[in-house]
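Accompanying notes for the structure given below.
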Amino acid sequence: MPMPIINYKATNTELNQDLQNLLEAKFTSLEKYIGDETDVKCEVEFVQTAPQQSGDIYKVEVNLWLKGTLYRAEATEDQFEKAVDEVRAELDKELRRANKKHHNLLRQGGRRLKEMMRFGR
């Protein structure tokens, strides 16, 4: 299943193809959580803040709607590449947690059904 269409937005910076390719390459590891789902929406915003004493600060925000649930991650770093890595890790953590919770609920329901069939309650 290919990655869903990603809507990009750039604030105070120019969005180039290298950033888009980097993000798509990093987000391929998240496809295992999407599966065959067709109702997936992803928005990515690249922001370059005003120059600070310590240099430029870059921020990446990602909103991912999957099965009616919003997964959101943002990261602020001194390079877009580092921010993209951090955002991918945060989304991976959120999606893994939601997936694990879903599977635990399925197991719990199956266990209760089996007990009811076994003991007739």
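Residue names in the structure tokens use chain letters A, B, ... in the order shown, residue numbers from 1 in each chain, and ligand numbers from 1 in the order shown.
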Looking only at the backbone, which of the residues in region 7-64 of chain A does DSSP tag as strand (DSSP E), as JSON, numbers by chain? {"A": [7, 8, 9, 10, 11, 40, 41, 42, 43, 44, 45, 46, 47, 48, 58, 59, 60, 61, 62, 63, 64]}
Which is closest to Val44 (chain A) among A:Lys9, A:Arg97, A:Lys67, A:Lys26, if we use only C-alpha atoms? A:Lys9
Polymer residues at most 8 Å from Arg88 (chain A), only C-alpha atoms, same-chain spacing of 4 or more positions, as a list of chain:residue names: A:Lys26, A:Phe27, A:Val84, A:Asp92
Choose the residue, out of A:Thr11, A:Asn99, A:Ser29, A:Gln17, that has the smallest atom-to-atom separation from Val47 (chain A); count only C-alpha atoms. A:Thr11
Nearest to Thr49 (chain A) by atom-to-atom distance, counting only C-alpha atoms, from A:Asn16, A:Asp78, A:Asn21, A:Ile5: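 Of A:Asn16, A:Asp78, A:Asn21, A:Ile5, the one nearest Thr49 (chain A), counting only C-alpha atoms, is A:Asp78.
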Residue contacts of region 52-61 of chain A (9 Å, only C-alpha atoms) excluding same-chain residues fewer than 6 positions away, as a ChimeraX atom specification: /A:43-46,72-80,83-84,87
Pairwise distance for CA of Ala89 (chain A) and CA of Thr69 (chain A), rounded to one decimal in Å: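 Rounded to one decimal, the two atoms are 18.2 Å apart.
For the pair CA of His102 (chain A) and CA of Leu64 (chain A), the interatomic distance is 17.8 Å.
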Of the candidates A:Glu31, A:Gln48, A:Leu95, A:Lys82, which one gets nearest to Leu70 (chain A) if we count only C-alpha atoms?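 That would be A:Leu95, the residue with the smallest distance to Leu70 (chain A).
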DSSP says alpha helix (DSSP H) for which residues of chain A? Put them as a PDB file with C-alpha atoms, in the first residue's frame?
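Okay, states.pdb is ready:
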ATOM      1  CA  GLN A  17      11.629  18.566  -3.413  1.00  0.00           C
ATOM      2  CA  ASP A  18      14.497  17.345  -1.209  1.00  0.00           C
ATOM      3  CA  LEU A  19      12.473  17.968   1.964  1.00  0.00           C
ATOM      4  CA  GLN A  20       9.443  16.218   0.486  1.00  0.00           C
ATOM      5  CA  ASN A  21      11.525  13.204  -0.563  1.00  0.00           C
ATOM      6  CA  LEU A  22      13.198  13.052   2.858  1.00  0.00           C
ATOM      7  CA  LEU A  23       9.854  13.092   4.655  1.00  0.00           C
ATOM      8  CA  GLU A  24       8.338  10.434   2.391  1.00  0.00           C
ATOM      9  CA  ALA A  25      11.401   8.212   2.815  1.00  0.00           C
ATOM     10  CA  LYS A  26      11.287   8.511   6.608  1.00  0.00           C
ATOM     11  CA  PHE A  27       7.536   7.921   6.775  1.00  0.00           C
ATOM     12  CA  GLU A  31       2.980   2.217   6.480  1.00  0.00           C
ATOM     13  CA  LYS A  32       2.738  -0.948   8.584  1.00  0.00           C
ATOM     14  CA  TYR A  33       0.273   0.835  10.881  1.00  0.00           C
ATOM     15  CA  ILE A  34      -1.859   2.091   7.995  1.00  0.00           C
ATOM     16  CA  PHE A  80      14.779  20.253   9.175  1.00  0.00           C
ATOM     17  CA  GLU A  81      16.306  16.772   8.865  1.00  0.00           C
ATOM     18  CA  LYS A  82      16.636  16.369  12.643  1.00  0.00           C
ATOM     19  CA  ALA A  83      13.098  17.644  13.175  1.00  0.00           C
ATOM     20  CA  VAL A  84      11.729  15.156  10.616  1.00  0.00           C
ATOM     21  CA  ASP A  85      13.527  12.290  12.406  1.00  0.00           C
ATOM     22  CA  GLU A  86      12.095  13.353  15.748  1.00  0.00           C
ATOM     23  CA  VAL A  87       8.561  13.710  14.359  1.00  0.00           C
ATOM     24  CA  ARG A  88       8.721  10.269  12.740  1.00  0.00           C
ATOM     25  CA  ALA A  89       9.848   8.714  16.025  1.00  0.00           C
ATOM     26  CA  GLU A  90       7.044  10.418  17.935  1.00  0.00           C
ATOM     27  CA  LEU A  91       4.390   9.316  15.419  1.00  0.00           C
ATOM     28  CA  ASP A  92       5.790   5.779  15.455  1.00  0.00           C
ATOM     29  CA  LYS A  93       5.458   5.728  19.241  1.00  0.00           C
ATOM     30  CA  GLU A  94       1.861   6.992  19.157  1.00  0.00           C
ATOM     31  CA  LEU A  95       0.778   4.593  16.405  1.00  0.00           C
ATOM     32  CA  ARG A  96       2.472   1.618  18.082  1.00  0.00           C
ATOM     33  CA  ARG A  97       0.734   2.432  21.380  1.00  0.00           C
ATOM     34  CA  ALA A  98      -2.687   2.719  19.689  1.00  0.00           C
ATOM     35  CA  ASN A  99      -2.121  -0.514  17.741  1.00  0.00           C
ATOM     36  CA  LYS A 100      -1.099  -2.387  20.895  1.00  0.00           C
ATOM     37  CA  LYS A 101      -4.126  -1.069  22.784  1.00  0.00           C
ATOM     38  CA  HIS A 102      -6.432  -2.217  19.966  1.00  0.00           C
ATOM     39  CA  HIS A 103      -4.940  -5.719  19.913  1.00  0.00           C
ATOM     40  CA  ASN A 104      -5.150  -6.013  23.711  1.00  0.00           C
ATOM     41  CA  LEU A 105      -8.850  -5.122  23.616  1.00  0.00           C
ATOM     42  CA  LEU A 106      -9.449  -7.760  20.926  1.00  0.00           C
ATOM     43  CA  ARG A 107      -7.653 -10.400  22.991  1.00  0.00           C
ATOM     44  CA  GLN A 108      -9.553  -9.420  26.109  1.00  0.00           C
ATOM     45  CA  GLY A 109     -12.882  -9.734  24.286  1.00  0.00           C
ATOM     46  CA  GLY A 110     -11.899 -13.111  22.854  1.00  0.00           C
ATOM     47  CA  ARG A 111     -10.830 -14.329  26.280  1.00  0.00           C
ATOM     48  CA  ARG A 112     -14.177 -13.342  27.811  1.00  0.00           C
ATOM     49  CA  LEU A 113     -16.077 -15.034  24.995  1.00  0.00           C
ATOM     50  CA  LYS A 114     -14.084 -18.226  25.491  1.00  0.00           C
ATOM     51  CA  GLU A 115     -14.750 -18.189  29.250  1.00  0.00           C
ATOM     52  CA  MET A 116     -18.485 -17.713  28.664  1.00  0.00           C
ATOM     53  CA  MET A 117     -18.553 -20.644  26.248  1.00  0.00           C
ATOM     54  CA  ARG A 118     -16.544 -22.826  28.609  1.00  0.00           C
ATOM     55  CA  PHE A 119     -18.526 -22.135  31.785  1.00  0.00           C
TER      56      PHE A 119
END
Point out the residue among A:Ala50, A:Leu15, A:Gly35, A:Pro4 with the least atom-to-atom distance to Trp65 (chain A), counting only C-alpha atoms. A:Pro4
Point-to-point distance in Å for CA of Pro51 (chain A) and CA of Ile6 (chain A):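 Distance between the two atoms: 28.0 Å.
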